[in-house]
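First comes the structure, then the notes that go with it.
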Protein chains: 4
Amino acid sequence: MIKVAVNGYGTIGKRVADAVAAQPDMEIVGVSKTRPNAEAFVAQERGYPLYIADIKKKPAFEAGGIAVAGQIEEMLKQADVVVDATPGGVGAKNRPMYEKLGVKAVFQGGEKHEVAGFSFNAHCNYAGAVGRQFVRVVSCNTTGLCRLINMMDREYGVSKVWATMVRRGADPGDVKKGPVDAVVLNPVTIPSHHGPDLQTVLPHIEIVTFAMIVPTTFMHMHVMHIRLRSAPVRERIIELIRAHPRMGLVRSSTGITSTAELKEFAMDLGRQRSDIWENCIFEESVAVDGDDFYCFQAIHQEADVVVENVDAIRAMAGAVRDPEESIRITNEALGFIPI
Amino acid sequence: MIKVAVNGYGTIGKRVADAVAAQPDMEIVGVSKTRPNAEAFVAQERGYPLYIADIKKKPAFEAGGIAVAGQIEEMLKQADVVVDATPGGVGAKNRPMYEKLGVKAVFQGGEKHEVAGFSFNAHCNYAGAVGRQFVRVVSCNTTGLCRLINMMDREYGVSKVWATMVRRGADPGDVKKGPVDAVVLNPVTIPSHHGPDLQTVLPHIEIVTFAMIVPTTFMHMHVMHIRLRSAPVRERIIELIRAHPRMGLVRSSTGITSTAELKEFAMDLGRQRSDIWENCIFEESVAVDGDDFYCFQAIHQEADVVVENVDAIRAMAGAVRDPEESIRITNEALGFIPI
Amino acid sequence: MIKVAVNGYGTIGKRVADAVAAQPDMEIVGVSKTRPNAEAFVAQERGYPLYIADIKKKPAFEAGGIAVAGQIEEMLKQADVVVDATPGGVGAKNRPMYEKLGVKAVFQGGEKHEVAGFSFNAHCNYAGAVGRQFVRVVSCNTTGLCRLINMMDREYGVSKVWATMVRRGADPGDVKKGPVDAVVLNPVTIPSHHGPDLQTVLPHIEIVTFAMIVPTTFMHMHVMHIRLRSAPVRERIIELIRAHPRMGLVRSSTGITSTAELKEFAMDLGRQRSDIWENCIFEESVAVDGDDFYCFQAIHQEADVVVENVDAIRAMAGAVRDPEESIRITNEALGFIPI
Amino acid sequence: MIKVAVNGYGTIGKRVADAVAAQPDMEIVGVSKTRPNAEAFVAQERGYPLYIADIKKKPAFEAGGIAVAGQIEEMLKQADVVVDATPGGVGAKNRPMYEKLGVKAVFQGGEKHEVAGFSFNAHCNYAGAVGRQFVRVVSCNTTGLCRLINMMDREYGVSKVWATMVRRGADPGDVKKGPVDAVVLNPVTIPSHHGPDLQTVLPHIEIVTFAMIVPTTFMHMHVMHIRLRSAPVRERIIELIRAHPRMGLVRSSTGITSTAELKEFAMDLGRQRSDIWENCIFEESVAVDGDDFYCFQAIHQEADVVVENVDAIRAMAGAVRDPEESIRITNEALGFIPI
C-alpha cells in the first residue's frame with residue numbers, strides 16, 4: 001500500500017483524498033487544514049486523520065468539534081508521497097520541508113514547472129515520473145489540452161494548434177470571486193501563457209492560446225482548432241475518443257449542449273460530487289476540414305487533474321510502470337460511468 | 001410493496017423515483033418521458049421501465065438507444081400510486097386519466113389546490129392524506145414555510161408571519177431561463193401568492209409574503225419574521241431545530257454563510273445529487289426580540305418536496321398511519337447525513 | 001429631409017430613431033409600439049408620434065397616458081424609408097405591406113437574406129444599396145466581422161478566417177432569458193451559421209465560425225484569427241484601426257480588459273445610452289505571427305448596427321452616393337467621442 | 001462659488017464631480033487619482049485638473065497621456081470643501097491632513113460615524129450640517145432607508161421598521177468581486193449593522209435589518225415593512241411619494257418590475273450615466289394592512305448619495321440654510337426627469 005498524505009484539503013485536495021482512498025493500492029495517512037471549517041468536518045466524517053500547520057490552533061479546531069491528529073510534519077513522516085494541494089505559490093514554499101523529510105511530493109499546476117522540474121500528464125509522459133521525488137501535475141486547462149492534442153498527434157501528427165479557453169469565473173463554492181456580468185480577457189495579450197505551459201509536457205507542439213473568464217462556476221469550454229500533418233477522418237476521431245479512457249463523447253442524442261446540462265447528467269449518473277474526470281467532447285461539434293480538426297471540449301476544472309494526481313503517485317512510488325495499467329486501475333476504482 | 005409510477009421524469013420526478021426506489025416498502029413500476037434525452041438515458045441506467053405518452057415516438061427513443069416499455073396507461077395500470085411530476089398545469093389535464101384508471105395520484109405544487117382538493121405537508125396534516133385518492137404536495141417554498149411555521153406554532157403559537165422569499169432564477173440544468181443580471185419582483189404586488197398557498201395547509205396562520213427572483217441556480221433564501229403568542233427562547237428554538245427530522249442547523253463553526261457553500265457541503269457529505277431535503281436554518285441568524293423570532297432559512301427547490309412525496313404515497317396507500325413513523329422510514333432510507 | 005419611420009420601437013428601434021433624429025438630413029415621422037410600456041413613454045418623451053398596429057388597443061395606451069397618432073399604415077404613408085426593427089421573422093411578414101405602400105424598407109439581421117435580397121454593411125457594399133427598395137442590415141456579430149475582415153482584406157488580402165464568438169445571454173433590459181450559470185454552445189455544431197451570413201456581404205471570404213452563449217448582458221467577444229495573403233505588420237494594423245471610423249482601439253493605458261470596464265468607459269464619456277457603435281479592438285491583443293493576425297474585439301450587440309441602419313437609409317434614399325461621406329455624416333451627428 | 005475638490009475620482013467621486021460641476025453655485029478645483037487608468041482619461045476629458053498623492057508617479061501618468069496638475073495638498077489648498085470619496089477606511093487616514101489644512105471635508109458611508117462626528121441626510125438633518133467642518137454622508141442603503149422612513153415618520157409616526165436589503169454583488173465596472181451564483185448572507189447574523197447606521201441619522205427609530213448579497217451589478221432591492229403609530233392610507237402615501245423630490249414612483253403602466261428594466265428606463269430617459277438618484281418605489285407594491293405599510297424600493301448604489309454630497313457641501317459652506325432650497329437647486333441642476 002502506498003501511503004499518501006494530502007497537504008491542503010480544499011477543492012482539489014479533498015477530491016484527491018477520496019480518489020486515493022478508493023484505490024486498491026493506496027491509503028490516506030492524513031490530510032491538512034488551516035481552519036476548522038466545513039471541509040474539516042468532512043475530513044473527519046470521512047475518517048481522515050486531520051493535521052494542522054500551526055499546533056496553537058488546535059483548541060480552535062477542538063472547539064468546533066474537530067479532532068486534530070497532530071502537526072503536518074508528523075503526517076509527512078508517515079507518507080510515501082504527499083500531494084501538495086495548497087494554493088498556488090505555497091507549494092514552492094513547502095518544497096524545502098518535503099526535501100528535508102525525504103518525502104516524494106506531487107505539486108499542482110498553480111506552481112511553476114521549476115518547482116518540480118517535471119510536468120506530468122499520464123497519457124503523455126508517465127514513464128518520466130517513475131521513481132521521481134518531485135512531479136507537477138499540470139493545471140486543469142493544460143491537462144485537458146494535453147490529452148486531446150497528444151491523442152491527435154499520435155494518430156495524425158500535429159502541425160499547429162489554436163485553442164480558445166472560455167474559463168469559469170469562480171469555483172461553485174467560492175462566493176468571493178467574480179465577475180458577475182462581464183467577459184474578462186485574462187490575459188488580454190495574445191497568446192496567453194497556456195501554450196508554454198502545455199509545452200512543459202509536450203515540448204514539440206506549436207500552439208497559440210487565447211483565454212477569457214466568464215461568470216460561470218463549472219467547467220471551462222475549449223474551442224479547439226488542430227492542424228494535422230495528414231487529413232483526419234471524422235469517424236476515426238470519434239472512435240479514438242470513444243476508446244480513450246480519459247475522454248467522454250457527449251452524444252448528440254442526449255440533447256446536451258451546455259456545461260450546466262453536462263453537470264446535471266454527471267450528477268444524475270451518480271458520480272461522486274458530480275465530478276467529470278474526462279475531457280467532454282461534444283459529438284456534434286467534431287468536424288474536419290482538409291487538414292484541420294475542430295471541436296468543443298468542456299473541462300471540469302475541479303476534477304480532471306484528480307485522476308492525474310493518482311497516476312502520478314503510482315508512477316513516483318514505482319508501483320506500476322505501464323501508464324495504461326495505472327490509468328485502468330485509477331478509473332476502475334472511481335467507477336467511471338461513461339458520460 | 002407499494003407500486004409507484006412517476007409520470008414526468010424531470011427535475012422532481014427523477015428525484016422522487018430514486019427516493020421511492022430506496023424505500024423498503026415501495027418499488028418503481030415505471031417512469032415516463034416525452035423525449036429521448038439525457039434523462040431518458042439515466043432512467044434506463046437506473047433500470048426503471050420507461051413509458052411514453054405517444055407510442056409513435058417509440059422509434060425516436062430506440063434510435064437514441066433507449067428501450068421503451070410501453071404507453072403511459074400501461075404503466076398506470078400496474079401502479080398503486082402515480083406521482084405526477086409533469087410541468088405545472090399538466091397535472092390538471094392528467095387527472096381524468098387517473099380517475100378513469102382508478103389510480104391514486106400525487107400532484108405537485110405547480111397545480112392548483114383544487115386539482116387534488118387536499119394540500120399536503122407531512123408534519124402538518126399527514127393524517128388527512130391517509131387513504132385519499134388525490135393529494136397535492138405543496139411547492140418547495142410553501143413546504144419550507146410549513147415546516148418552520150408549524151414547528152413554531154406548536155411550541156409558542158403563531159400570531160403572524162412575514163416572510164420574504166429570494167428565489168433562484170433557474171434550476172441548475174435549465175439554460176433557457178434568466179435573469180442574467182437583475183432582481184425581478186415576482187410578483188411586484190405585496191403580498192405575493194405564497195401566503196394563501198401556505199393556508200391551503202395551515203388555514204389558521206396569518207401571513208404576509210414578499211417574493212423576488214435573483215440570478216442564482218440553487219436554493220431559495222427565506223427571511224423569516226414570526227410573531228409568536230408568547231416570548232420565544234433562542235436556546236429552545238435551536239433545540240427544536242436540532243430535533244426536527246426535516247430541518248438542518250447550519251452551524252456557525254462550519255463558516256457557511258451562503259447557498260453555494262451549503263451546496264458544496266452537501267456534495268462533500270456524499271448526498272445523492274447534493275440534495276438537501278431539509279430546511280437549512282443558519283444558526284447565527286436565529287434571533288429573538290420580544291415576541292418576534294427571526295432567521296434565515298435556505299430551501300433547496302429541487303429536493304425538499306421529494307421526501308414529502310414519499311410520505312404522501314405512504315399515507316395514501318394507508319400503509320403507515322403515524323406521520324413520525326413515515327418520516328423516519330423515508331429519512332433512514334435516504335441516509336440523511338446531518339447538515 | 002429623408003422621412004423615416006421606425007416600425008418596432010424596442011432595443012434596436014429606439015436607438016435607430018434617436019440616431020436618425022440626430023442626422024442633419026433625416027427626420028422621424030413616427031415610431032410604432034404594440035404595448036403601452038416604458039418604451040412607449042420614452043417615445044412620447046422624445047416627441048416621436050406613436051403609431052400602433054391594432055387601433056383597438058388605443059384606449060389601453062391612452063389609459064397609460066400615451067397619446068396614439070394612428071395606425072401603422074398611416075405612419076408608413078408619410079415615410080420615404082421605414083426601418084423594420086420588429087422581432088426576427090416578423091419583418092418577412094411585414095414586407096408585403098411595405099411593397100403595397102411602395103415604401104422603402106430596411107430589415108434587420110434577424111431576417112433571412114432573401115427577405116431583402118441585399119445584405120448591407122456600409123464599408124463593404126454601400127454602393128449596392130443606392131436606390132434599392134429593400135435592404136437588410138446584417139446582425140451585430142456579422143457587422144463586427146464585416147468591418148474587421150474587410151479592412152484586413154483590402155490591406156493584405158484575406159486567405160481564411162476563424163472566428164469564435166462568445167455571445168451575451170440576454171440584453172440588459174431582458175430579464176426572461178438566461179443562462180444564469182452555464183456556457184451554452186449555440187449552435188453545438190461547427191461551423192456555426194455566422195460564416196455563411198458574413199458571405200451574404202463578402203461572398204469571397206472563406207470563414208469558419210464557432211459560437212457560444214455566456215451569462216452576460218452586454219457585448220459579444222470575438223476571438224479573431226485571420227490568415228492573410230501577405231505577412232501583416234502590427235504597427236500598420238494599429239494605424240488602420242485608429243484611422244477606421246467604425247473601430248475603436250482600447251488602449252492598454254486605460255487598463256481596460258473586459259466588457260464591463262468598456263461599458264463603464266463609454267458611460268463616463270457621456271455616450272448616449274453608453275452605446276458603443278464601433279468594433280472595440282484591444283490594443284494589447286493585436287498580434288501577428290507569420291501570415292496570421294490575431295485579436296480580441298468586443299461588439300456592442302445593441303449599438304453597432306444602429307449606425308449601419310442610418311447609412312443604409314441614406315444610400316436607399318439616394319441622398320449620398322459616397323460611403324465615406326455618409327459614414328462621416330452619421331458619426332459626426334452622433335458625436336463619436338473616441339473610445 | 002463654492003470651490004470643491006474631489007479626493008478619489010472613482011465610482012462615487014466621478015459622479016460627485018459631475019454633479020458639483022453642474023451646480024450654479026459650485027465649481028471643481030481638482031480631482032485626484034492614484035493610477036493613470038480610464039477614469040483619469042475621463043477626468044481630463046471633462047477638464048478637471050488632476051492631482052496625485054505621490055508626485056513620483058507623474059511620469060507614469062504623462063506616459064499615459066494624462067496631464068498632472070500637482071499634488072493633492074495643492075488641490076486641497078484651493079478648496080473650500082473636499083469630498084473624500086476614497087475607499088472605505090482611507091477617509092479616516094486622510095482626516096488629519098484636512099484638519100491641518102483647515103479644509104472642510106465630506107466623508108462617505110464607508111467611514112465610521114466617528115470620523116466626522118455627524119452623519120447626514122438632506123431631508124433628515126440638513127440644519128445640523130450648516131457650517132460644520134466634517135460631515136459624513138451615510139451609505140447608499142442607509143440613505144435610501146432614511147428618506148422613506150423619515151417621510152413616513154413625519155406623516156404617521158414610525159413605531160418600528162423591518163427592512164430586508166438584497167444587495168448587488170459588485171458595481172457594474174468591477175470585474176473582480178462576486179458572487180457568480182450564490183445568495184450570500186452578509187452578515188449572517190440578524191440584525192445586520194444597517195439599523196444602527198440609520199440611527200446615526202435618525203436615533204429615535206427602532207429598526208431591525210436583514211441583509212444579503214446576490215449576483216447582480218446594479219441597485220439594491222429593499223423589502224420595507226414599517227409599523228406606524230396610526231393607520232396609513234395608501235392613496236396618501238402615493239401622494240407623498242409623488243411629491244418627494246428624492247423619490248420616484250415606478251408606475252405600474254410602465255410594466256417595470258425589475259432593477260434591469262428600471263436601469264433601461266433611466267438610460268432611455270437620457271439620465272447621465274443612467275443614474276437614478278431617487279428611491280424607486282414600485283407603485284404596485286405599495287400596500288397597507290392595519291398599521292403596517294409595505295413596499296419594495298430599489299436603490300441605485302452608485303447614485304443616491306451623490307445628490308446628498310452636493311447638499312452637504314452647500315450646508316457646510318453655509319451658502320443655503322433651507323434644506324428644501326438646497327435640494328431644489330441640486331435637483332434642477334441635474335435635470336431630474338421623473339422616473
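By order in the C-alpha cells, chains are A, B, ...; within a chain, residues start at 1; ligands start at 1, following the order shown.
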
Inset, instruction - At a cut-off of 8 Å, list the chain C residues touching chain B, using only C-alpha atoms, as a list in words. - result: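 Within 8 Å of chain B on chain C, we get Gly169, Ala170, Pro172, Asp174, Val175, Lys176, Lys177, Gly178, Pro179, Val180, Asp181, Ala182, Val184, Pro215, Thr216 and Thr217 of chain C.
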
Inset, instruction - Run DSSP on the backbone of this structure and report the residues of region 78-174 of chain D it assigns to helix (DSSP H, G or I), as number ranges by chain. - result: D: 90-101, 113-116, 122-129, 140-156

Inset, instruction - Would you list, as a VMD selection string, the residues of region 113-294 of chain A that end up in strand (DSSP E) under DSSP run on this structure's backbone? - result: chain A and resid 119 to 120 134 to 137 158 to 168 184 to 185 207 to 214 220 to 228 247 to 250 279 to 282 287 to 289 292 to 294

Now that the selection is made, can you save its residues with C-alpha atoms as a PDB file, in the first residue's frame?
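Output (again_32.pdb):
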ATOM      1  CA  SER A 119       5.405  18.398 -15.508  1.00  0.00           C
ATOM      2  CA  PHE A 120       3.131  15.399 -15.802  1.00  0.00           C
ATOM      3  CA  PHE A 134       9.011  15.714  -7.351  1.00  0.00           C
ATOM      4  CA  VAL A 135       6.341  15.868 -10.005  1.00  0.00           C
ATOM      5  CA  ARG A 136       3.972  18.659 -11.029  1.00  0.00           C
ATOM      6  CA  VAL A 137       0.541  17.752 -12.389  1.00  0.00           C
ATOM      7  CA  VAL A 158       0.077  17.763 -35.097  1.00  0.00           C
ATOM      8  CA  SER A 159       1.287  20.665 -37.203  1.00  0.00           C
ATOM      9  CA  LYS A 160      -0.115  23.537 -35.093  1.00  0.00           C
ATOM     10  CA  VAL A 161      -2.813  24.175 -32.518  1.00  0.00           C
ATOM     11  CA  TRP A 162      -5.050  27.157 -31.812  1.00  0.00           C
ATOM     12  CA  ALA A 163      -7.098  26.863 -28.628  1.00  0.00           C
ATOM     13  CA  THR A 164      -9.512  29.330 -27.055  1.00  0.00           C
ATOM     14  CA  MET A 165     -10.304  28.782 -23.401  1.00  0.00           C
ATOM     15  CA  VAL A 166     -13.511  30.255 -22.019  1.00  0.00           C
ATOM     16  CA  ARG A 167     -12.914  29.847 -18.308  1.00  0.00           C
ATOM     17  CA  ARG A 168     -15.254  29.739 -15.321  1.00  0.00           C
ATOM     18  CA  VAL A 184     -12.763  39.391 -18.815  1.00  0.00           C
ATOM     19  CA  LEU A 185      -9.797  38.879 -21.123  1.00  0.00           C
ATOM     20  CA  ILE A 207       0.400  26.177 -30.085  1.00  0.00           C
ATOM     21  CA  VAL A 208      -1.323  29.568 -29.810  1.00  0.00           C
ATOM     22  CA  THR A 209      -3.821  30.050 -26.974  1.00  0.00           C
ATOM     23  CA  PHE A 210      -6.460  32.650 -26.179  1.00  0.00           C
ATOM     24  CA  ALA A 211      -8.123  32.938 -22.760  1.00  0.00           C
ATOM     25  CA  MET A 212     -11.004  34.744 -21.126  1.00  0.00           C
ATOM     26  CA  ILE A 213     -13.118  34.466 -17.988  1.00  0.00           C
ATOM     27  CA  VAL A 214     -16.928  34.422 -17.863  1.00  0.00           C
ATOM     28  CA  HIS A 220     -14.016  25.618 -18.890  1.00  0.00           C
ATOM     29  CA  MET A 221     -15.034  25.454 -22.537  1.00  0.00           C
ATOM     30  CA  HIS A 222     -12.290  24.951 -25.101  1.00  0.00           C
ATOM     31  CA  VAL A 223     -12.641  25.808 -28.777  1.00  0.00           C
ATOM     32  CA  MET A 224     -10.095  23.521 -30.423  1.00  0.00           C
ATOM     33  CA  HIS A 225      -8.543  24.006 -33.827  1.00  0.00           C
ATOM     34  CA  ILE A 226      -5.809  21.479 -34.594  1.00  0.00           C
ATOM     35  CA  ARG A 227      -3.946  21.455 -37.876  1.00  0.00           C
ATOM     36  CA  LEU A 228      -2.673  17.976 -38.633  1.00  0.00           C
ATOM     37  CA  MET A 247     -12.340  11.241 -22.783  1.00  0.00           C
ATOM     38  CA  GLY A 248     -16.098  11.262 -22.879  1.00  0.00           C
ATOM     39  CA  LEU A 249     -18.138  11.747 -26.021  1.00  0.00           C
ATOM     40  CA  VAL A 250     -21.200  13.889 -25.347  1.00  0.00           C
ATOM     41  CA  ASN A 279     -12.453  15.718 -21.384  1.00  0.00           C
ATOM     42  CA  CYS A 280     -16.040  16.099 -22.581  1.00  0.00           C
ATOM     43  CA  ILE A 281     -16.074  16.345 -26.349  1.00  0.00           C
ATOM     44  CA  PHE A 282     -19.359  17.284 -27.973  1.00  0.00           C
ATOM     45  CA  ALA A 287     -15.585  18.458 -37.579  1.00  0.00           C
ATOM     46  CA  VAL A 288     -12.837  18.046 -40.127  1.00  0.00           C
ATOM     47  CA  ASP A 289     -11.969  20.411 -42.954  1.00  0.00           C
ATOM     48  CA  ASP A 292      -7.980  20.946 -39.869  1.00  0.00           C
ATOM     49  CA  PHE A 293      -9.813  19.353 -36.955  1.00  0.00           C
ATOM     50  CA  TYR A 294     -12.277  21.310 -34.840  1.00  0.00           C
TER      51      TYR A 294
END

Inset, instruction - Just give me the gap between CA of Leu76 (chain B) and CA of Glu45 (chain B) in Å, one decimal is fine. - result: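 CA of Glu45 (chain B) lies at a distance of 21.4 Å from CA of Leu76 (chain B).
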
Inset, instruction - Just give me the gap between CA of Arg242 (chain B) and CA of Lys33 (chain A) in Å, one decimal is fine. - result: 27.1 Å

Legend entry - All residues 8 Å or closer to Gly8 (chain D), only C-alpha atoms, same chain fewer than 6 positions away omitted, as number ranges by chain: D: 31-34, 84-87

Include C-alpha atoms and write out the residues we just selected as a PDB file, in the first residue's frame.
ATOM      1  CA  VAL D  31      -9.890  65.723  -8.582  1.00  0.00           C
ATOM      2  CA  SER D  32      -7.386  63.051  -7.582  1.00  0.00           C
ATOM      3  CA  LYS D  33      -6.373  59.652  -8.926  1.00  0.00           C
ATOM      4  CA  THR D  34      -3.788  57.112  -7.798  1.00  0.00           C
ATOM      5  CA  ASP D  84     -13.398  62.387   0.276  1.00  0.00           C
ATOM      6  CA  ALA D  85     -14.525  59.554  -1.972  1.00  0.00           C
ATOM      7  CA  THR D  86     -11.596  57.261  -1.274  1.00  0.00           C
ATOM      8  CA  PRO D  87     -12.183  53.571  -0.445  1.00  0.00           C
TER       9      PRO D  87
END

Legend entry - Pairwise distance for CA of Val320 (chain B) and CA of Ala303 (chain B), rounded to one decimal in Å: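 So the two atoms, CA of Val320 (chain B) and CA of Ala303 (chain B), lie 22.5 Å apart.
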
If we count only C-alpha atoms and set the cut-off at 9 Å, which residues sit around Ala17 (chain A), ignoring sequence neighbours fewer than 4 positions away in its own chain? Please answer as a PDB file with N, CA and C atoms, in the first residue's frame.
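The result, stored in out-v2.pdb:
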ATOM      1  N   VAL A   4      -0.258   7.832   1.436  1.00  0.00           N
ATOM      2  CA  VAL A   4      -0.397   9.159   0.821  1.00  0.00           C
ATOM      3  C   VAL A   4      -0.915  10.177   1.828  1.00  0.00           C
ATOM      4  N   ALA A   5      -0.274  11.336   1.862  1.00  0.00           N
ATOM      5  CA  ALA A   5      -0.775  12.474   2.645  1.00  0.00           C
ATOM      6  C   ALA A   5      -1.260  13.544   1.670  1.00  0.00           C
ATOM      7  N   VAL A   6      -2.264  14.273   2.099  1.00  0.00           N
ATOM      8  CA  VAL A   6      -2.755  15.381   1.274  1.00  0.00           C
ATOM      9  C   VAL A   6      -2.583  16.668   2.062  1.00  0.00           C
ATOM     10  N   TYR A   9      -6.530  20.423   2.206  1.00  0.00           N
ATOM     11  CA  TYR A   9      -7.762  19.682   1.945  1.00  0.00           C
ATOM     12  C   TYR A   9      -8.837  20.674   1.479  1.00  0.00           C
ATOM     13  N   ILE A  12      -9.238  20.816  -4.652  1.00  0.00           N
ATOM     14  CA  ILE A  12      -8.528  19.701  -5.290  1.00  0.00           C
ATOM     15  C   ILE A  12      -8.172  18.633  -4.244  1.00  0.00           C
ATOM     16  N   GLY A  13      -7.669  19.065  -3.120  1.00  0.00           N
ATOM     17  CA  GLY A  13      -7.179  18.126  -2.104  1.00  0.00           C
ATOM     18  C   GLY A  13      -8.238  17.143  -1.631  1.00  0.00           C
ATOM     19  N   ALA A  21      -8.173   7.200  -1.589  1.00  0.00           N
ATOM     20  CA  ALA A  21      -8.774   6.236  -0.656  1.00  0.00           C
ATOM     21  C   ALA A  21      -9.515   5.131  -1.396  1.00  0.00           C
ATOM     22  N   ALA A  22      -9.973   5.425  -2.597  1.00  0.00           N
ATOM     23  CA  ALA A  22     -10.717   4.431  -3.378  1.00  0.00           C
ATOM     24  C   ALA A  22      -9.797   3.454  -4.127  1.00  0.00           C
ATOM     25  N   GLU A  27      -3.432   4.253   0.439  1.00  0.00           N
ATOM     26  CA  GLU A  27      -4.225   4.634   1.604  1.00  0.00           C
ATOM     27  C   GLU A  27      -3.851   6.050   2.035  1.00  0.00           C
ATOM     28  N   ILE A  28      -4.805   6.722   2.667  1.00  0.00           N
ATOM     29  CA  ILE A  28      -4.590   8.087   3.157  1.00  0.00           C
ATOM     30  C   ILE A  28      -4.071   8.016   4.586  1.00  0.00           C
ATOM     31  N   GLY A  30      -3.211  10.929   6.145  1.00  0.00           N
ATOM     32  CA  GLY A  30      -3.650  12.162   6.776  1.00  0.00           C
ATOM     33  C   GLY A  30      -3.893  13.253   5.755  1.00  0.00           C
ATOM     34  N   VAL A  31      -4.672  14.248   6.192  1.00  0.00           N
ATOM     35  CA  VAL A  31      -4.915  15.434   5.367  1.00  0.00           C
ATOM     36  C   VAL A  31      -4.714  16.645   6.270  1.00  0.00           C
ATOM     37  N   TYR A  48     -10.513  10.682   7.796  1.00  0.00           N
ATOM     38  CA  TYR A  48      -9.118  11.018   7.500  1.00  0.00           C
ATOM     39  C   TYR A  48      -8.510  11.719   8.707  1.00  0.00           C
ATOM     40  N   VAL A  83       0.634  14.768  -1.574  1.00  0.00           N
ATOM     41  CA  VAL A  83       0.054  15.590  -2.643  1.00  0.00           C
ATOM     42  C   VAL A  83      -0.105  16.991  -2.074  1.00  0.00           C
TER      43      VAL A  83
END

Inset, instruction - Give the answer as one residue: which of C:Asp18, C:Asp322, C:Asp291, C:Glu308 has the shortest atom-to-atom distance to Pro232 (chain C), using only C-alpha atoms? - result: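 Going through C:Asp18, C:Asp322, C:Asp291, C:Glu308 one by one, the smallest distance to Pro232 (chain C) is for C:Asp291.
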
Inset, instruction - Excluding Lys58 (chain A) and any residue of its chain fewer than 5 positions from it, enumerate the residues within 12 Å of it, using only C-alpha atoms, and give them as a PyMOL selection string. - result: chain A and resi 33-36+50-53+63-71

Go ahead and save the residues from that selection, with C-alpha atoms, as a short mmCIF file (atom, residue, chain, number, x, y, z; two decimals), in the first residue's frame.
data_model
loop_
_atom_site.label_atom_id
_atom_site.label_comp_id
_atom_site.auth_asym_id
_atom_site.auth_seq_id
_atom_site.Cartn_x
_atom_site.Cartn_y
_atom_site.Cartn_z
CA LYS A 33 -6.39 22.09 7.06
CA THR A 34 -5.55 25.60 8.22
CA ARG A 35 -9.04 26.46 9.57
CA PRO A 36 -11.80 24.43 11.30
CA LEU A 50 -6.52 15.74 10.33
CA TYR A 51 -3.22 17.58 10.75
CA ILE A 52 -2.60 21.29 11.08
CA ALA A 53 0.35 23.56 10.35
CA ALA A 63 -13.95 23.96 19.93
CA GLY A 64 -15.53 23.35 16.53
CA GLY A 65 -15.79 19.62 17.29
CA ILE A 66 -12.85 18.63 15.09
CA ALA A 67 -10.20 16.26 16.43
CA VAL A 68 -6.61 17.14 15.50
CA ALA A 69 -4.12 14.31 14.96
CA GLY A 70 -1.01 16.47 15.09
CA GLN A 71 1.25 18.75 13.10
#

Inset, instruction - Quick one: everything within 8 Å of region 253-256 of chain C, counting only C-alpha atoms, minus sequence neighbours fewer than 4 positions away in the same chain. Send it as a list in words. - result: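 Counting only C-alpha atoms, the residues come to Glu261 and Leu262 of chain C; Pro36, Asn37, Ala38, Glu39, Phe41 and Gly64 of chain D.
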
Selection to disk with N, CA and C atoms, as a short mmCIF file (atom, residue, chain, number, x, y, z; two decimals), in the first residue's frame:
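Listed below is the output, result16.cif:
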data_model
loop_
_atom_site.label_atom_id
_atom_site.label_comp_id
_atom_site.auth_asym_id
_atom_site.auth_seq_id
_atom_site.Cartn_x
_atom_site.Cartn_y
_atom_site.Cartn_z
N GLU C 261 -15.75 46.97 -18.07
CA GLU C 261 -14.96 48.20 -17.96
C GLU C 261 -15.13 49.06 -19.20
N LEU C 262 -15.31 48.41 -20.31
CA LEU C 262 -15.51 49.14 -21.57
C LEU C 262 -16.84 49.90 -21.53
N PRO D 36 -3.05 56.01 -13.54
CA PRO D 36 -3.44 56.63 -14.81
C PRO D 36 -4.31 55.70 -15.65
N ASN D 37 -5.53 55.43 -15.21
CA ASN D 37 -6.38 54.49 -15.93
C ASN D 37 -7.49 55.21 -16.72
N ALA D 38 -8.50 54.45 -17.12
CA ALA D 38 -9.58 55.02 -17.93
C ALA D 38 -10.25 56.20 -17.25
N GLU D 39 -10.43 56.13 -15.94
CA GLU D 39 -11.09 57.24 -15.23
C GLU D 39 -10.23 58.51 -15.25
N PHE D 41 -8.41 59.37 -17.77
CA PHE D 41 -8.72 59.93 -19.10
C PHE D 41 -10.03 60.73 -19.05
N GLY D 64 0.95 57.95 -20.06
CA GLY D 64 -0.38 57.52 -20.48
C GLY D 64 -1.16 58.66 -21.12
#
